[in-house]
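Chemist: The structure follows.
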There are 2 protein chains.
Amino acid sequence: MHANQTLPQGVQPGEISFVLGHPDRQALPIEALHEAAMLALEEPLRPLEYGPEGGDPELLAFLRLWHRQREGLDLARNQAMLIAGATQGVDLVARLLLAPGETVLVESPTYKDSLLIFRDQHCKLHGVKMTPEGIRPSDFETAIQDLTAQGERPRLFYTIPNFQNPTGWSTSLARRKTILKIARRHGILILEDDVYREIAFGAEPPASYFALAGGEGVIRLGSFSKTLAPGFRLGWLLAAPAIIERIQACGTAQMGGGANPFSAAVVAAYCRTAHWEDHIQRLRSIYRTRCETALAALARHMPAGVEWTRPQGGFFLWITLPESMETANLQDRFAVRGVRVAPGAQFCTPPEAGVRCFRLAFSFASLDQLKEGIRLIGEALAEG
Amino acid sequence: MHANQTLPQGVQPGEISFVLGHPDRQALPIEALHEAAMLALEEPLRPLEYGPEGGDPELLAFLRLWHRQREGLDLARNQAMLIAGATQGVDLVARLLLAPGETVLVESPTYKDSLLIFRDQHCKLHGVKMTPEGIRPSDFETAIQDLTAQGERPRLFYTIPNFQNPTGWSTSLARRKTILKIARRHGILILEDDVYREIAFGAEPPASYFALAGGEGVIRLGSFSKTLAPGFRLGWLLAAPAIIERIQACGTAQMGGGANPFSAAVVAAYCRTAHWEDHIQRLRSIYRTRCETALAALARHMPAGVEWTRPQGGFFLWITLPESMETANLQDRFAVRGVRVAPGAQFCTPPEAGVRCFRLAFSFASLDQLKEGIRLIGEALAEG
């Protein structure tokens with residue numbers, strides 16, 4: 001693929017890894033980012049000093065403009081702050097807005113590292129089954145009622161509404177509206193992890209929970225990691241002013257001098273000069289081709305009984321094996337062929353729900369690797 | 001001072017602020033950092049992609065070399081990781097190694113934002129009085145015994161052993177050794193926040209708790225914020241391998257792709273080429289002059305009965321008013337003169353211990369502002 005480049009951590013030479021949800025290296029706008037770095041350094045103090053707790057003001061202004069132009073969403077100054085990637089957003093919410101022992105409703109499957117963050121914070125997790133249109137509102141309500149009956153009032157619903165990690169599925173507009181109503185009725189905060197929104201292969205995604213809710217009762221996370229480059233560790237958090245205020249008053253924010261001023265100054269310079277629209281179109285085309293390549297290879301090589309999702313965006317698809325098979329039992333057969341996937345149990349709540357599944361990231365491995373790796377997976381499965 | 005430059009957040013135009021513990025702008029090696037940025041971008045993927053959870057390997061190798069050369073401290077690979085500033089170190093320790101409700105022993109006074117982080121994490125705080133040689137080992141042991149008698153076994157001791165924020169005091173080698181023994185006997189982990197170590201005006205600081213303990217039972221935090229530039233948000237954490245492993249296995253670390261790869265690549269390039277020794281000597285001279293200027297102005301302008309510390313390094317000194325005065329009652333008199341200090345109560349546990357005190361940061365305001373601001377403080381105090 002990129003023969004002269006170092007492999008990312010966790011990828012062995014010669015191995016085909018579908019584990020990492022890293023951006024395609026060709027999708028990183030290296031030249032433009034270098035120019036942005038030069039531009040940012042012309043104003044020498046801004047990248048080097050502590051900044052305001054909310055983050056770089058120019059970049060925040062750009063983000064407000066961005067949300068207005070692309071989604072018609074008007075954000076007040078005190079509804080947005082920069083964070084060190086969506087990671088830090090999940091982290092801050094888990095730790096400042098939840099008490100240890102409180103219950104979080106999650107899609108099952110969902111992004112495994114968010115589950116880890118909630119667990120690190122001693123939260124209980126309760127999974128609601130994902131479907132191609134998102135979780136069913138009736139399942140959501142039943143879960144709330146069951147938990148409440150057990151004396152465990154859930155406090156937060158964590159969702160990835162667009163091109164979900166790991167399934168690639170999106171929650172329909174109708175379901176968003178109904179789920180929002182149910183959440184409101186029960187006083188449940190929604191944490192909307194929306195980092196894949198721009199990676200849409202076809203139609204634009206529906207309005208966000210945050211937009212539908214008029215900014216109340218929903219915290220929305222965005223990120224430059226998927227669209228620009230993960231190395232900047234920069235994202236943003238949208239929420240009601242009282243929540244933004246609570247987060248900025250926390251010790252970590254008070255001490256930290258805002259989300260990385262050095263990265264933020266460079267990204268702000270990129271945003272000042274770059275052609276986002278062209279860049280986003282290019283990204284969409286890159287990942288659409290990758291996804292189509294993966295889907296074609298799956299259609300060709302998967303034995304009967306294997307099912308997979310058909311994402312309309314994002315980095316991932318989700319594969320479910322026939323009832324007789326378990327991913328854990330196949331890892332050796334995959335390993336011997338030099339191919340790796342992310343086993344499904346770690347994404348599911350409870351984990352048992354994912355034993356016949358695995359996640360396939362189509363974002364990073366080369367197109368040739370996608371074809372060959374999926375062929376090898378098919379071969380491994382066909383061993384029966 | 002730097003007329004054409006933007007003021008940092010929280011500083012009003014025309015105001016003399018001794019609140020901010022920011023580095024002197026003249027101490028930022030701007031030219032060398034620009035060159036480092038150019039150099040880092042020659043290897044385009046490294047600054048832009050997700051990195052290993054432990055952080056940039058070259059920078060970690062440099063830090064191991066640094067500790068060996070400067071302190072004779074040999075670090076294994078699995079004893080060090082990069083973090084997003086010492087901030088994130090306190091944050092990770094508070095949240096992964098303490099259970100909510102557990103008690104943390106702190107110096108009183110100590111850095112107020114660390115107190116906030118422990119409070120955010122629902123920890124109880126118990127202050128042990130600071131003295132010019134650090135806390136008294138006998139006070140430390142009494143505190144542990146009293147807490148234990150109340151059924152509150154303390155789990156962690158948070159200390160800033162060198163040029164403490166806010167007092168400027170350092171803990172003597174003898175006390176470090178005794179405190180370490182006591183901590184061990186009671187199974188108390190020491191969190192050593194050592195971000196001012198290099199800013200020594202005279203003699204080199206004594207061996208760290210981490211070195212004295214052979215790396216067991218002590219977590220040590222370092223930072224590039226005071227020596228290089230806070231905008232990078234980069235520091236490091238030294239600990240026993242099991243603790244490093246626990247931290248790197250947490251959700252935030254797993255999801256985050258290591259402490260800012262973009263910043264880390266630039267700082268690594270700086271370390272590859274820069275003359276650290278010259279730079280550190282220059283820093284020491286800058287802050288020594290600042291401190292001497294502040295001390296001379298204090299000697300000249302403070303009314304009888306006012307006491308202040310005489311730091312041998314760092315960014316701060318601590319002022320104690322006569323018994324008849326309280327800082328809170330003086331804020332209006334300071335404000336009318338356009339001078340600001342950090343009131344003492346927020347640094348103390350309990351806060352009442354600090355009502356007659358305030359912190360004066362001599363690191364950022366210009367030398368002229370130091371002289372004039374301290375004269376104005378003296379004038380305000382003399383009003384009686």
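In the structure tokens, chains take letters A, B, ... by order of appearance, with residues numbered from 1 within each chain and ligands from 1 in the order shown.
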Using DSSP on the backbone, list every residue of range 114-274 of chain B that comes out as strand (DSSP E or B), and give them as a PyMOL selection string.
Modeler: chain B and resi 124-129+132+134+154-159+189-193+200+218-223+235-238
Chemist: Which residues are close to range 343-346 of chain B, i.e. within 9 Å by only C-alpha atoms, leaving aside same-chain residues fewer than 4 positions away? Reply as a list of chain:residue names.
Modeler: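 That gives B:Val19, B:Pro109, B:Thr110, B:Tyr111, B:Lys112, B:Asp113, B:Leu115, B:Pro166, B:Trp318, B:Ile319, B:Thr320, B:Thr327, B:Ala328, B:Gln331, B:Pro350, B:Pro351, B:Glu352, B:Ala353, B:Gly354, B:Val355, B:Arg356, B:Cys357, B:Phe358, B:Arg359.
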Chemist: For each of B:Leu147, B:Val104, B:Val128, B:Met255, take the minimum atom-to-atom distance to Gly51 in chain B, counting only C-alpha atoms, then give the residue where this is smallest.
Modeler: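 That would be B:Met255, the residue with the smallest distance to Gly51 in chain B.
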Chemist: Per DSSP on the backbone, filter range 206-238 of chain A down to the residues in helix (DSSP H, G or I) and report them as a short mmCIF file (atom, residue, chain, number, x, y, z; two decimals) with N, CA, C and O atoms, in the first residue's frame.
Modeler:
```cif
data_model
loop_
_atom_site.label_atom_id
_atom_site.label_comp_id
_atom_site.auth_asym_id
_atom_site.auth_seq_id
_atom_site.Cartn_x
_atom_site.Cartn_y
_atom_site.Cartn_z
N TYR A 209 -29.53 14.83 16.70
CA TYR A 209 -30.34 14.93 17.92
C TYR A 209 -30.21 16.35 18.51
O TYR A 209 -31.19 16.93 18.97
N PHE A 210 -29.00 16.88 18.48
CA PHE A 210 -28.76 18.21 19.06
C PHE A 210 -29.63 19.26 18.38
O PHE A 210 -30.27 20.08 19.04
N ALA A 211 -29.68 19.19 17.04
CA ALA A 211 -30.50 20.16 16.30
C ALA A 211 -31.98 19.93 16.59
O ALA A 211 -32.73 20.87 16.83
N LEU A 212 -32.40 18.67 16.57
CA LEU A 212 -33.81 18.36 16.82
C LEU A 212 -34.24 18.82 18.21
O LEU A 212 -35.38 19.21 18.42
N PRO A 230 -6.11 12.50 12.61
CA PRO A 230 -6.25 12.16 14.02
C PRO A 230 -5.13 12.71 14.89
O PRO A 230 -5.34 12.94 16.08
N GLY A 231 -3.95 12.93 14.31
CA GLY A 231 -2.80 13.36 15.10
C GLY A 231 -2.99 14.69 15.82
O GLY A 231 -2.31 14.98 16.79
N PHE A 232 -3.93 15.51 15.33
CA PHE A 232 -4.18 16.79 16.00
C PHE A 232 -4.90 16.61 17.33
O PHE A 232 -4.88 17.49 18.17
#
```
Chemist: Just need the residues of chain A within 6 Å of chain B, counting only C-alpha atoms, so spit them out as a list in words.
Modeler: Gln9, Pro47, Leu48, Glu49, Tyr50, Pro52, Thr87, Asp113, Leu116, Ile117, Ala229, Pro230, Gly231, Phe232, Arg233, Gly251, Thr252, Met255, Gly256, Asn260, Pro261 and Phe262 of chain A
Chemist: Next, write the just-selected residues to a file, as a PDB file, in the first residue's frame, keeping N, CA and C atoms as the atom set.
Modeler:
```pdb
ATOM      1  N   GLN A   9       0.865   1.333  14.812  1.00  0.00           N
ATOM      2  CA  GLN A   9       1.000   0.396  15.926  1.00  0.00           C
ATOM      3  C   GLN A   9      -0.051  -0.705  15.813  1.00  0.00           C
ATOM      4  N   PRO A  47       0.100  29.571  19.158  1.00  0.00           N
ATOM      5  CA  PRO A  47       0.202  28.102  19.262  1.00  0.00           C
ATOM      6  C   PRO A  47       0.976  27.637  20.494  1.00  0.00           C
ATOM      7  N   LEU A  48       1.717  28.534  21.130  1.00  0.00           N
ATOM      8  CA  LEU A  48       2.666  28.090  22.158  1.00  0.00           C
ATOM      9  C   LEU A  48       2.197  28.327  23.586  1.00  0.00           C
ATOM     10  N   GLU A  49       1.287  29.272  23.780  1.00  0.00           N
ATOM     11  CA  GLU A  49       0.865  29.595  25.148  1.00  0.00           C
ATOM     12  C   GLU A  49      -0.384  28.817  25.555  1.00  0.00           C
ATOM     13  N   TYR A  50      -0.701  28.904  26.844  1.00  0.00           N
ATOM     14  CA  TYR A  50      -2.003  28.425  27.308  1.00  0.00           C
ATOM     15  C   TYR A  50      -3.079  29.242  26.601  1.00  0.00           C
ATOM     16  N   PRO A  52      -7.601  29.896  26.110  1.00  0.00           N
ATOM     17  CA  PRO A  52      -8.819  29.872  26.925  1.00  0.00           C
ATOM     18  C   PRO A  52      -9.339  28.442  27.103  1.00  0.00           C
ATOM     19  N   THR A  87     -12.927  11.444  22.044  1.00  0.00           N
ATOM     20  CA  THR A  87     -12.479  10.718  23.235  1.00  0.00           C
ATOM     21  C   THR A  87     -12.665  11.538  24.499  1.00  0.00           C
ATOM     22  N   ASP A 113     -14.400   1.398  22.760  1.00  0.00           N
ATOM     23  CA  ASP A 113     -13.590   2.209  23.665  1.00  0.00           C
ATOM     24  C   ASP A 113     -14.442   3.203  24.458  1.00  0.00           C
ATOM     25  N   LEU A 116     -15.477   1.230  27.366  1.00  0.00           N
ATOM     26  CA  LEU A 116     -14.359   1.199  28.333  1.00  0.00           C
ATOM     27  C   LEU A 116     -14.332   2.458  29.192  1.00  0.00           C
ATOM     28  N   ILE A 117     -14.544   3.601  28.563  1.00  0.00           N
ATOM     29  CA  ILE A 117     -14.531   4.858  29.325  1.00  0.00           C
ATOM     30  C   ILE A 117     -15.639   4.844  30.365  1.00  0.00           C
ATOM     31  N   ALA A 229      -7.165  14.928  10.305  1.00  0.00           N
ATOM     32  CA  ALA A 229      -6.068  14.052  10.726  1.00  0.00           C
ATOM     33  C   ALA A 229      -6.203  13.780  12.219  1.00  0.00           C
ATOM     34  N   PRO A 230      -6.107  12.501  12.606  1.00  0.00           N
ATOM     35  CA  PRO A 230      -6.254  12.157  14.020  1.00  0.00           C
ATOM     36  C   PRO A 230      -5.132  12.710  14.894  1.00  0.00           C
ATOM     37  N   GLY A 231      -3.954  12.932  14.315  1.00  0.00           N
ATOM     38  CA  GLY A 231      -2.800  13.361  15.105  1.00  0.00           C
ATOM     39  C   GLY A 231      -2.992  14.690  15.819  1.00  0.00           C
ATOM     40  N   PHE A 232      -3.928  15.510  15.330  1.00  0.00           N
ATOM     41  CA  PHE A 232      -4.183  16.792  15.999  1.00  0.00           C
ATOM     42  C   PHE A 232      -4.905  16.606  17.331  1.00  0.00           C
ATOM     43  N   ARG A 233      -5.565  15.462  17.509  1.00  0.00           N
ATOM     44  CA  ARG A 233      -6.368  15.232  18.721  1.00  0.00           C
ATOM     45  C   ARG A 233      -7.287  16.411  18.992  1.00  0.00           C
ATOM     46  N   GLY A 251     -11.482  20.782  37.014  1.00  0.00           N
ATOM     47  CA  GLY A 251     -10.056  20.947  37.256  1.00  0.00           C
ATOM     48  C   GLY A 251      -9.212  20.734  36.013  1.00  0.00           C
ATOM     49  N   THR A 252      -9.556  19.717  35.247  1.00  0.00           N
ATOM     50  CA  THR A 252      -8.767  19.403  34.062  1.00  0.00           C
ATOM     51  C   THR A 252      -8.824  20.539  33.050  1.00  0.00           C
ATOM     52  N   MET A 255      -6.932  23.690  34.445  1.00  0.00           N
ATOM     53  CA  MET A 255      -5.485  23.487  34.501  1.00  0.00           C
ATOM     54  C   MET A 255      -4.897  23.387  33.094  1.00  0.00           C
ATOM     55  N   GLY A 256      -5.736  22.969  32.148  1.00  0.00           N
ATOM     56  CA  GLY A 256      -5.193  22.514  30.878  1.00  0.00           C
ATOM     57  C   GLY A 256      -4.935  23.566  29.825  1.00  0.00           C
ATOM     58  N   ASN A 260      -5.461  21.446  23.055  1.00  0.00           N
ATOM     59  CA  ASN A 260      -4.175  21.724  22.399  1.00  0.00           C
ATOM     60  C   ASN A 260      -4.066  23.004  21.557  1.00  0.00           C
ATOM     61  N   PRO A 261      -3.552  24.089  22.132  1.00  0.00           N
ATOM     62  CA  PRO A 261      -3.418  25.339  21.378  1.00  0.00           C
ATOM     63  C   PRO A 261      -2.542  25.195  20.128  1.00  0.00           C
ATOM     64  N   PHE A 262      -1.534  24.349  20.188  1.00  0.00           N
ATOM     65  CA  PHE A 262      -0.637  24.192  19.041  1.00  0.00           C
ATOM     66  C   PHE A 262      -1.386  23.563  17.863  1.00  0.00           C
TER      67      PHE A 262
END
```
Chemist: So which one's closest to Gln69 in chain B, B:Glu277, B:Leu376, B:Thr171, B:Gly101? Using only C-alpha atoms, please.
Modeler: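 Of the candidates, the smallest distance to Gln69 in chain B is held by B:Glu277.
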Chemist: Write out as a list in words which residues come within 10 Å of Ala268 in chain A when counting only C-alpha atoms, dropping same-chain ones fewer than 3 positions away.
Modeler: Ala36, Ala37, Leu39, Ala40, Asp56, Pro57, Glu58, Leu59, Leu60, Ala61, Phe62, Leu63, Ser263, Ala264, Ala265, Cys271, Arg272, Thr273 and Ala274 of chain A
Chemist: For the atom pair CA of Ala203 in chain A and CA of Val306 in chain A, what is the interatomic distance in Å to one decimal place?
Modeler: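 For CA of Ala203 in chain A relative to CA of Val306 in chain A, the distance reads 27.5 Å.
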Chemist: Between A:Glu198, A:Asp368, A:Glu141, A:Glu326, which one has atoms that come closest to Gly314 in chain A, using only C-alpha atoms?
Modeler: A:Glu198
Chemist: Can you pull out every residue within 12 Å of Ser366 in chain A, counting only C-alpha atoms, but drop anything in the same chain fewer than 4 positions away, and send it as a list in words?
Modeler: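 These residues fall inside the cut-off: Met1, His2, Ala3, Glu15, Ile16, Ser17, Phe18, His22, Pro23, Asp24, Arg25, Gln26, Ile286, Tyr287, Thr289, Arg290, Cys291, Thr293, Ala294, Ala361, Phe362, Leu370, Lys371, Glu372, Gly373 and Ile374 of chain A.
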Chemist: Write the residues you've just listed into a file as a compact mmCIF listing (two decimals), in the first residue's frame, and include N, CA and C atoms for each of them.
Modeler:
```txt
# COMPACT_ATOMS: atom_id res chain seq x y z
N MET A 1 0.82 -1.21 0.00
CA MET A 1 0.00 0.00 0.00
C MET A 1 0.86 1.27 0.00
N HIS A 2 1.56 1.51 1.10
CA HIS A 2 2.41 2.70 1.17
C HIS A 2 3.75 2.17 1.64
N ALA A 3 4.43 1.54 0.72
CA ALA A 3 5.54 0.66 1.09
C ALA A 3 6.59 1.34 1.95
N GLU A 15 0.90 -8.37 7.26
CA GLU A 15 -0.45 -8.69 7.73
C GLU A 15 -1.47 -7.78 7.04
N ILE A 16 -2.67 -8.32 6.83
CA ILE A 16 -3.77 -7.48 6.37
C ILE A 16 -4.66 -7.22 7.57
N SER A 17 -4.66 -5.99 8.05
CA SER A 17 -5.45 -5.70 9.26
C SER A 17 -6.67 -4.87 8.92
N PHE A 18 -7.82 -5.39 9.31
CA PHE A 18 -9.07 -4.63 9.20
C PHE A 18 -9.52 -4.18 10.59
N HIS A 22 -8.52 3.78 11.16
CA HIS A 22 -7.71 4.95 10.83
C HIS A 22 -8.13 5.50 9.48
N PRO A 23 -7.98 6.82 9.28
CA PRO A 23 -8.25 7.36 7.95
C PRO A 23 -7.26 6.81 6.91
N ASP A 24 -7.73 6.68 5.70
CA ASP A 24 -6.87 6.40 4.54
C ASP A 24 -5.75 7.43 4.52
N ARG A 25 -4.52 6.96 4.35
CA ARG A 25 -3.40 7.92 4.32
C ARG A 25 -3.50 8.90 3.15
N GLN A 26 -4.13 8.45 2.06
CA GLN A 26 -4.29 9.34 0.90
C GLN A 26 -5.32 10.44 1.19
N ILE A 286 -13.36 8.69 -1.72
CA ILE A 286 -12.37 7.70 -1.28
C ILE A 286 -13.04 6.58 -0.48
N TYR A 287 -13.84 6.95 0.51
CA TYR A 287 -14.41 5.93 1.39
C TYR A 287 -15.57 5.18 0.73
N THR A 289 -15.62 4.35 -2.46
CA THR A 289 -14.93 3.34 -3.26
C THR A 289 -14.44 2.18 -2.39
N ARG A 290 -13.89 2.52 -1.25
CA ARG A 290 -13.41 1.49 -0.33
C ARG A 290 -14.57 0.59 0.11
N CYS A 291 -15.68 1.23 0.47
CA CYS A 291 -16.81 0.44 0.95
C CYS A 291 -17.36 -0.45 -0.16
N THR A 293 -15.78 -1.60 -2.69
CA THR A 293 -14.81 -2.67 -2.92
C THR A 293 -15.00 -3.80 -1.91
N ALA A 294 -15.17 -3.38 -0.64
CA ALA A 294 -15.37 -4.39 0.41
C ALA A 294 -16.67 -5.15 0.18
N ALA A 361 -12.99 -2.85 9.39
CA ALA A 361 -12.72 -1.46 9.03
C ALA A 361 -12.24 -1.45 7.59
N PHE A 362 -12.97 -0.72 6.73
CA PHE A 362 -12.54 -0.63 5.32
C PHE A 362 -11.81 0.69 5.05
N LEU A 370 -8.09 -5.05 0.79
CA LEU A 370 -9.52 -5.30 1.06
C LEU A 370 -9.99 -6.53 0.28
N LYS A 371 -9.65 -6.55 -1.02
CA LYS A 371 -10.09 -7.68 -1.86
C LYS A 371 -9.47 -8.99 -1.37
N GLU A 372 -8.16 -8.95 -1.17
CA GLU A 372 -7.45 -10.17 -0.81
C GLU A 372 -7.81 -10.62 0.61
N GLY A 373 -7.90 -9.68 1.52
CA GLY A 373 -8.21 -10.02 2.91
C GLY A 373 -9.59 -10.64 3.03
N ILE A 374 -10.54 -10.09 2.31
CA ILE A 374 -11.90 -10.62 2.37
C ILE A 374 -11.96 -12.00 1.70
```
Chemist: Could you check the closest approach to Gly217 in chain B for each of B:Arg197, B:Arg333, B:Ala304, B:Leu191 and tell me which residue wins, using only C-alpha atoms?
Modeler: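 Answer, going by the shortest atom-to-atom distance: B:Leu191.
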